[in-house]
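The next block is run20.csv, given as CSV, C-alpha atoms.
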```
chain,number,residue,atom,x,y,z
Z,1,MET,CA,1.5,5.4,-16.5
Z,2,ALA,CA,3.8,6.8,-13.7
Z,3,ILE,CA,4.4,10.1,-12.0
Z,4,ILE,CA,8.0,10.9,-11.4
Z,5,VAL,CA,8.9,13.3,-8.7
Z,6,ASN,CA,11.9,15.5,-9.5
Z,7,LEU,CA,12.1,17.2,-6.1
Z,8,ASP,CA,15.7,16.1,-5.6
Z,9,VAL,CA,16.6,17.8,-8.9
Z,10,MET,CA,14.9,21.0,-7.9
Z,11,LEU,CA,16.6,20.9,-4.5
Z,12,ALA,CA,20.0,20.5,-6.2
Z,13,LYS,CA,19.3,23.4,-8.5
Z,14,ARG,CA,18.3,25.6,-5.6
Z,15,LYS,CA,21.2,24.2,-3.5
Z,16,MET,CA,18.8,23.5,-0.7
Z,17,MET,CA,18.7,20.7,1.8
Z,18,LEU,CA,15.6,18.6,2.4
Z,19,LYS,CA,15.6,19.7,6.1
Z,20,GLU,CA,15.6,23.4,5.1
Z,21,LEU,CA,12.7,22.8,2.7
Z,22,SER,CA,10.9,20.9,5.4
Z,23,GLU,CA,11.3,23.8,7.8
Z,24,LYS,CA,10.1,26.4,5.2
Z,25,VAL,CA,7.2,24.4,3.9
Z,26,GLY,CA,6.0,23.0,7.3
Z,27,VAL,CA,6.0,19.4,6.1
Z,28,SER,CA,8.1,16.8,8.0
Z,29,THR,CA,11.4,15.6,6.6
Z,30,VAL,CA,10.0,12.0,6.6
Z,31,ASN,CA,7.0,13.1,4.4
Z,32,LEU,CA,9.3,15.0,2.0
Z,33,SER,CA,11.6,12.0,1.8
Z,34,ILE,CA,8.7,9.8,0.9
Z,35,LEU,CA,7.5,12.3,-1.6
Z,36,LYS,CA,11.0,12.5,-3.1
Z,37,GLN,CA,10.9,8.8,-3.7
Z,38,GLY,CA,7.4,9.0,-5.2
Z,39,LYS,CA,5.8,6.8,-2.6
Z,40,VAL,CA,3.1,9.2,-1.4
Z,41,LYS,CA,-0.5,8.4,-2.1
Z,42,ALA,CA,-1.5,12.0,-2.9
Z,43,VAL,CA,-0.2,15.6,-2.7
Z,44,ARG,CA,-2.4,18.4,-1.5
Z,45,PHE,CA,-2.6,21.6,-3.6
Z,46,SER,CA,-1.6,23.5,-0.5
Z,47,THR,CA,1.6,21.5,0.0
Z,48,LEU,CA,2.4,21.7,-3.7
Z,49,ASP,CA,1.8,25.5,-3.6
Z,50,ALA,CA,4.1,25.8,-0.5
Z,51,ILE,CA,6.9,23.7,-2.2
Z,52,CYS,CA,6.7,25.7,-5.4
Z,53,SER,CA,6.7,29.0,-3.5
Z,54,VAL,CA,9.9,28.0,-1.6
Z,55,LEU,CA,11.7,26.5,-4.6
Z,56,ASP,CA,10.4,29.3,-6.9
Z,57,CYS,CA,9.3,26.8,-9.5
Z,58,GLN,CA,6.2,25.4,-11.3
Z,59,PRO,CA,4.4,22.1,-10.3
Z,60,GLY,CA,5.6,20.7,-13.6
Z,61,ASP,CA,9.2,21.2,-12.5
Z,62,ILE,CA,8.6,18.8,-9.6
Z,63,LEU,CA,6.1,16.4,-11.1
Z,64,GLU,CA,6.5,14.6,-14.4
Z,65,HIS,CA,4.3,12.1,-16.1
Z,66,THR,CA,5.7,9.2,-18.1
Z,67,LYS,CA,4.2,6.3,-20.0
Z,68,ASP,CA,5.4,2.9,-18.9
S,69,MET,CA,20.9,2.3,20.1
S,70,LYS,CA,18.3,4.9,20.6
S,71,TYR,CA,15.5,4.5,23.2
S,72,ILE,CA,12.5,6.6,23.9
S,73,LYS,CA,11.7,6.2,27.5
S,74,HIS,CA,8.3,6.6,29.0
S,75,THR,CA,8.0,9.5,31.5
S,76,PRO,CA,5.1,9.2,33.9
S,77,THR,CA,2.4,11.8,33.5
S,78,ARG,CA,-0.1,13.0,36.0
S,79,LYS,CA,-2.6,10.5,34.6
S,80,ASP,CA,-0.2,7.7,35.1
S,81,ILE,CA,0.4,8.7,38.7
S,82,LYS,CA,-3.4,8.6,39.3
S,83,ILE,CA,-3.6,5.1,37.8
S,84,TRP,CA,-0.8,3.9,40.1
S,85,VAL,CA,-2.4,5.4,43.1
S,86,SER,CA,-5.7,3.7,42.2
S,87,LEU,CA,-3.9,0.4,41.7
S,88,PHE,CA,-2.1,0.8,45.0
S,89,LEU,CA,-5.4,1.4,46.7
S,90,LEU,CA,-6.9,-1.6,44.9
S,91,ILE,CA,-4.1,-3.9,46.1
S,92,VAL,CA,-4.5,-2.7,49.7
S,93,ILE,CA,-8.3,-2.5,49.8
S,94,ILE,CA,-9.2,-5.8,48.2
S,95,PRO,CA,-7.0,-8.0,50.5
S,96,LEU,CA,-8.2,-5.9,53.4
S,97,PHE,CA,-11.9,-6.6,52.6
S,98,VAL,CA,-11.0,-10.3,52.1
S,99,ALA,CA,-9.2,-10.4,55.4
S,100,ILE,CA,-12.1,-8.7,57.2
S,101,TYR,CA,-14.8,-11.0,55.7
S,102,SER,CA,-12.9,-14.2,56.0
S,103,GLU,CA,-12.0,-13.2,59.6
S,104,GLY,CA,-8.7,-14.9,59.3
S,105,LYS,CA,-10.3,-18.3,58.6
S,106,ASN,CA,-9.6,-18.4,54.9
S,107,GLN,CA,-5.9,-17.7,54.6
S,108,VAL,CA,-5.5,-19.6,51.3
S,109,PHE,CA,-8.1,-17.3,49.6
S,110,LEU,CA,-6.4,-14.2,51.0
S,111,ILE,CA,-2.9,-15.3,49.8
S,112,THR,CA,-4.3,-16.3,46.4
S,113,SER,CA,-6.0,-13.0,45.9
S,114,ILE,CA,-2.8,-11.1,46.9
S,115,ILE,CA,-0.7,-13.2,44.4
S,116,ILE,CA,-3.2,-12.6,41.6
S,117,ILE,CA,-3.4,-8.9,42.2
S,118,GLY,CA,0.3,-8.6,42.7
S,119,PHE,CA,0.9,-10.5,39.4
S,120,PHE,CA,-1.6,-8.3,37.6
S,121,ILE,CA,0.2,-5.1,38.8
S,122,LEU,CA,3.6,-6.5,38.0
S,123,ASN,CA,2.3,-7.1,34.4
S,124,LEU,CA,1.1,-3.5,34.2
S,125,ILE,CA,4.5,-2.2,35.3
S,126,LEU,CA,6.6,-4.5,33.1
S,127,ARG,CA,4.5,-4.0,30.0
S,128,LYS,CA,6.3,-0.7,29.2
S,129,SER,CA,9.6,-2.4,28.3
S,130,LEU,CA,10.5,-3.6,24.8
S,131,SER,CA,12.9,-6.2,26.3
S,132,LEU,CA,10.0,-8.2,27.7
S,133,LYS,CA,8.4,-8.6,24.3
S,134,LYS,CA,9.0,-12.3,24.2
S,135,TYR,CA,7.2,-12.8,27.5
S,136,TYR,CA,4.1,-11.1,26.4
S,137,THR,CA,4.0,-12.5,22.8
S,138,HIS,CA,5.0,-16.0,23.7
S,139,PRO,CA,2.4,-18.6,22.7
S,140,PHE,CA,2.6,-20.3,26.2
S,141,ASN,CA,1.7,-17.1,27.9
S,142,LEU,CA,-2.0,-18.0,28.4
S,143,LEU,CA,-2.8,-14.8,30.3
S,144,THR,CA,-2.6,-12.6,27.2
S,145,SER,CA,-4.5,-12.6,23.9
S,146,LYS,CA,-2.2,-12.1,20.9
S,147,VAL,CA,-3.3,-11.0,17.5
S,148,CYS,CA,-0.6,-10.5,14.8
S,149,TYR,CA,-0.8,-9.2,11.3
S,150,GLU,CA,1.6,-8.4,8.4
S,151,LYS,CA,1.4,-5.6,5.9
S,152,THR,CA,3.8,-4.7,3.1
S,153,TYR,CA,4.6,-1.1,2.2
S,154,ASP,CA,6.8,0.0,-0.8
S,155,ILE,CA,8.7,2.4,1.3
S,156,PRO,CA,12.3,1.7,2.5
S,157,LYS,CA,12.6,0.3,6.0
S,158,LYS,CA,14.4,3.2,7.6
S,159,LEU,CA,11.9,5.7,6.3
S,160,MET,CA,9.0,3.5,7.2
S,161,PHE,CA,10.4,3.2,10.7
S,162,GLU,CA,10.4,7.0,11.1
S,163,LYS,CA,7.0,7.3,9.4
S,164,ILE,CA,5.4,4.9,11.9
S,165,ILE,CA,6.9,6.8,14.8
S,166,GLU,CA,5.5,10.0,13.4
S,167,VAL,CA,2.1,8.4,13.0
S,168,LEU,CA,2.1,7.0,16.5
S,169,ASN,CA,3.1,10.4,17.9
S,170,TYR,CA,0.0,11.9,16.4
S,171,SER,CA,-2.4,9.0,17.2
S,172,GLU,CA,-4.3,7.8,20.2
S,173,PHE,CA,-1.6,5.2,20.8
S,174,GLU,CA,1.2,6.1,23.2
S,175,LEU,CA,4.7,5.6,21.9
S,176,VAL,CA,6.7,4.0,24.7
S,177,GLU,CA,10.0,2.7,23.4
S,178,THR,CA,11.8,2.3,20.1
S,179,ASN,CA,14.9,0.4,19.0
S,180,LYS,CA,16.4,2.0,15.9
S,181,ASP,CA,19.0,-0.8,15.4
S,182,ARG,CA,16.5,-3.6,15.4
S,183,PHE,CA,13.6,-1.6,13.9
S,184,GLU,CA,11.3,-2.4,16.8
S,185,ILE,CA,8.6,-0.2,18.2
S,186,LEU,CA,6.4,-0.5,21.3
S,187,ALA,CA,3.3,1.5,21.8
S,188,ILE,CA,0.4,1.0,24.2
S,189,THR,CA,-3.3,1.9,24.3
S,190,LYS,CA,-5.1,3.4,27.1
S,191,ILE,CA,-7.1,1.5,29.7
S,192,SER,CA,-10.8,1.3,28.7
S,193,LEU,CA,-13.9,-0.5,29.8
S,194,LYS,CA,-13.1,-3.4,27.4
S,195,SER,CA,-9.5,-3.9,28.2
S,196,TRP,CA,-6.6,-3.1,30.5
S,197,GLY,CA,-4.8,-1.6,27.5
S,198,GLU,CA,-2.9,-3.4,24.8
S,199,ASN,CA,0.7,-3.6,24.0
S,200,ILE,CA,1.4,-3.0,20.4
S,201,TYR,CA,4.7,-4.4,19.1
S,202,ILE,CA,5.8,-3.4,15.6
S,203,ASP,CA,8.7,-5.0,13.8
S,204,LEU,CA,10.0,-4.0,10.4
S,205,ASP,CA,11.6,-6.3,8.0
S,206,ALA,CA,13.1,-5.4,4.6
S,207,ASN,CA,12.2,-7.3,1.4
S,208,GLU,CA,14.2,-5.7,-1.5
S,209,ASN,CA,12.7,-2.2,-1.7
S,210,GLU,CA,9.6,-3.1,0.3
S,211,THR,CA,9.1,-3.1,4.1
S,212,ILE,CA,7.1,-5.8,5.9
S,213,MET,CA,5.4,-4.4,8.9
S,214,LYS,CA,4.8,-7.1,11.5
S,215,PHE,CA,2.1,-5.9,13.9
S,216,CYS,CA,1.3,-7.7,17.1
S,217,SER,CA,-1.3,-6.5,19.6
S,218,VAL,CA,-1.3,-8.1,23.0
S,219,THR,CA,-3.7,-7.7,25.8
S,220,ILE,CA,-2.5,-7.6,29.4
S,221,PHE,CA,-3.9,-10.1,31.8
S,222,GLN,CA,-6.9,-10.7,29.6
S,223,ILE,CA,-7.7,-13.8,27.6
S,224,TYR,CA,-10.3,-12.2,25.3
S,225,ASP,CA,-9.6,-8.9,23.6
S,226,TRP,CA,-13.2,-7.9,22.5
S,227,GLY,CA,-12.0,-7.1,19.0
S,228,LYS,CA,-9.7,-4.4,20.3
S,229,SER,CA,-6.5,-5.8,18.7
S,230,GLU,CA,-8.1,-5.9,15.3
S,231,LYS,CA,-9.4,-2.4,15.8
S,232,ASN,CA,-5.9,-1.3,16.8
S,233,TYR,CA,-4.5,-2.8,13.6
S,234,ASN,CA,-7.2,-1.2,11.4
S,235,ASP,CA,-6.7,2.2,13.1
S,236,LEU,CA,-2.9,2.2,12.7
S,237,CYS,CA,-3.2,1.1,9.0
S,238,GLU,CA,-5.8,3.8,8.4
S,239,GLN,CA,-3.6,6.4,10.0
S,240,ILE,CA,-0.5,5.3,8.0
S,241,GLU,CA,-2.5,5.4,4.8
S,242,SER,CA,-3.9,8.9,5.5
S,243,SER,CA,-0.5,10.2,6.5
S,244,LEU,CA,0.8,9.2,3.0
S,245,THR,CA,-1.3,12.1,1.7
S,246,ILE,CA,0.9,15.1,2.3
```
Have the structure of the file written as structure tokens, please.
Amino acid sequence: MAIIVNLDVMLAKRKMMLKELSEKVGVSTVNLSILKQGKVKAVRFSTLDAICSVLDCQPGDILEHTKD
Amino acid sequence: MKYIKHTPTRKDIKIWVSLFLLIVIIPLFVAIYSEGKNQVFLITSIIIIGFFILNLILRKSLSLKKYYTHPFNLLTSKVCYEKTYDIPKKLMFEKIIEVLNYSEFELVETNKDRFEILAITKISLKSWGENIYIDLDANENETIMKFCSVTIFQIYDWGKSEKNYNDLCEQIESSLTI
């Protein structure tokens, strides 16, 4: 079981840089980079809400579940 | 090479003033009570206090890491740990700096090329403050964090070094929830 983070795909679709997202969401670039690589321990609903609002997408567009 | 230099705060100045008074007052008392008879004791006390103050001044430099962490330096207590994170080295380096900036530790100096960090803790009743040296090594996609907590002019750390390590690890773990 693994969670894949498709943040880079959504960023490319919206033609947005990580730094810009970081400024709009209020999460540091370091944390977003770690999230992008799927290395975070957990994501708060508030953070997910902010990211989805800025990228105008659904949580499912960013997070994907796959079976190993 | 990028360095973050320590700039003295008002609290630092107060500490330096206190230390200056200490170095003047103690030898003065020794001189008064010995009435000039015990010069050896006076000179020894001045050397010890002077060396102590020199240690406190020099501690804020990453270049003197080897001196403080050297096994032959018997005036310091050294405790080292290693922990592996599955985050790339460069990112982990920035993450630790971010964590240190929001923690009770004071970030003093970093070396981006050698992935070295120096942070210090505040002076407390148990210690004169510890130097925290963090080195990062890459192992494929993982990063090995080498943590070393060193007391200054103190041979027993009263468990402070272990506490520092646990606190930092806890803060890194909690910061991975975004």
Of the candidates S:Thr219, S:Ser145, S:Asn209, S:Ser171, which one gets nearest to chain Z if we count only C-alpha atoms? S:Asn209
So that I can see what lies close to Ser243 of chain S, please list as a ChimeraX atom specification the residues with an atom at most 10 Å from it, counting all atoms listed in the file and leaving out residues fewer than 3 positions away in the same chain. /Z:31,40-42 /S:163-164,166-167,237-240,246
Find the residues of chain S in contact range of chain Z, meaning any atom within 7 Å when counting all atoms listed in the file, and list them as a ChimeraX atom specification. /S:155,159,162-163,244-246
Return the single residue from Z:Ile62, Z:Lys67, Z:Ser53, Z:Glu23 that is closest to Leu11 of chain Z, with distances computed using only C-alpha atoms.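 Of Z:Ile62, Z:Lys67, Z:Ser53, Z:Glu23, the one nearest Leu11 of chain Z is Z:Ile62, counting only C-alpha atoms.
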Find the distance between atom CA of Trp226 of chain S and atom CA of Lys133 of chain S and write it in Å to one decimal.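 Those two atoms sit 21.7 Å apart.
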So what do you get for atom CA of Leu236 of chain S versus atom CA of Lys19 of chain Z, distance-wise?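 Answer for the atom CA of Leu236 of chain S to atom CA of Lys19 of chain Z separation: 26.3 Å.
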Name the closest residue to Thr189 of chain S among the candidates S:Ile165, S:Val218, S:Leu204, S:Ile223; distances are taken between atoms, counting all atoms listed in the file. S:Val218
Have a look at atom CA of Ile4 of chain Z and atom CA of Glu208 of chain S and let me know their distance in Å, one decimal.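 These atoms are spaced 20.3 Å apart.
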Can you pull out every residue within 6 Å of Lys157 of chain S, counting all atoms listed in the file, but drop anything in the same chain fewer than 2 positions away, and send it as a PyMOL selection string? chain S and resi 159-161+206+211
Would you kindly return, as a count of residues only, each protein, DNA or RNA residue with an atom no farther than 12 Å from any atom of Lys13 of chain Z, considering all atoms listed in the file and excluding same-chain residues fewer than 2 positions away? 14
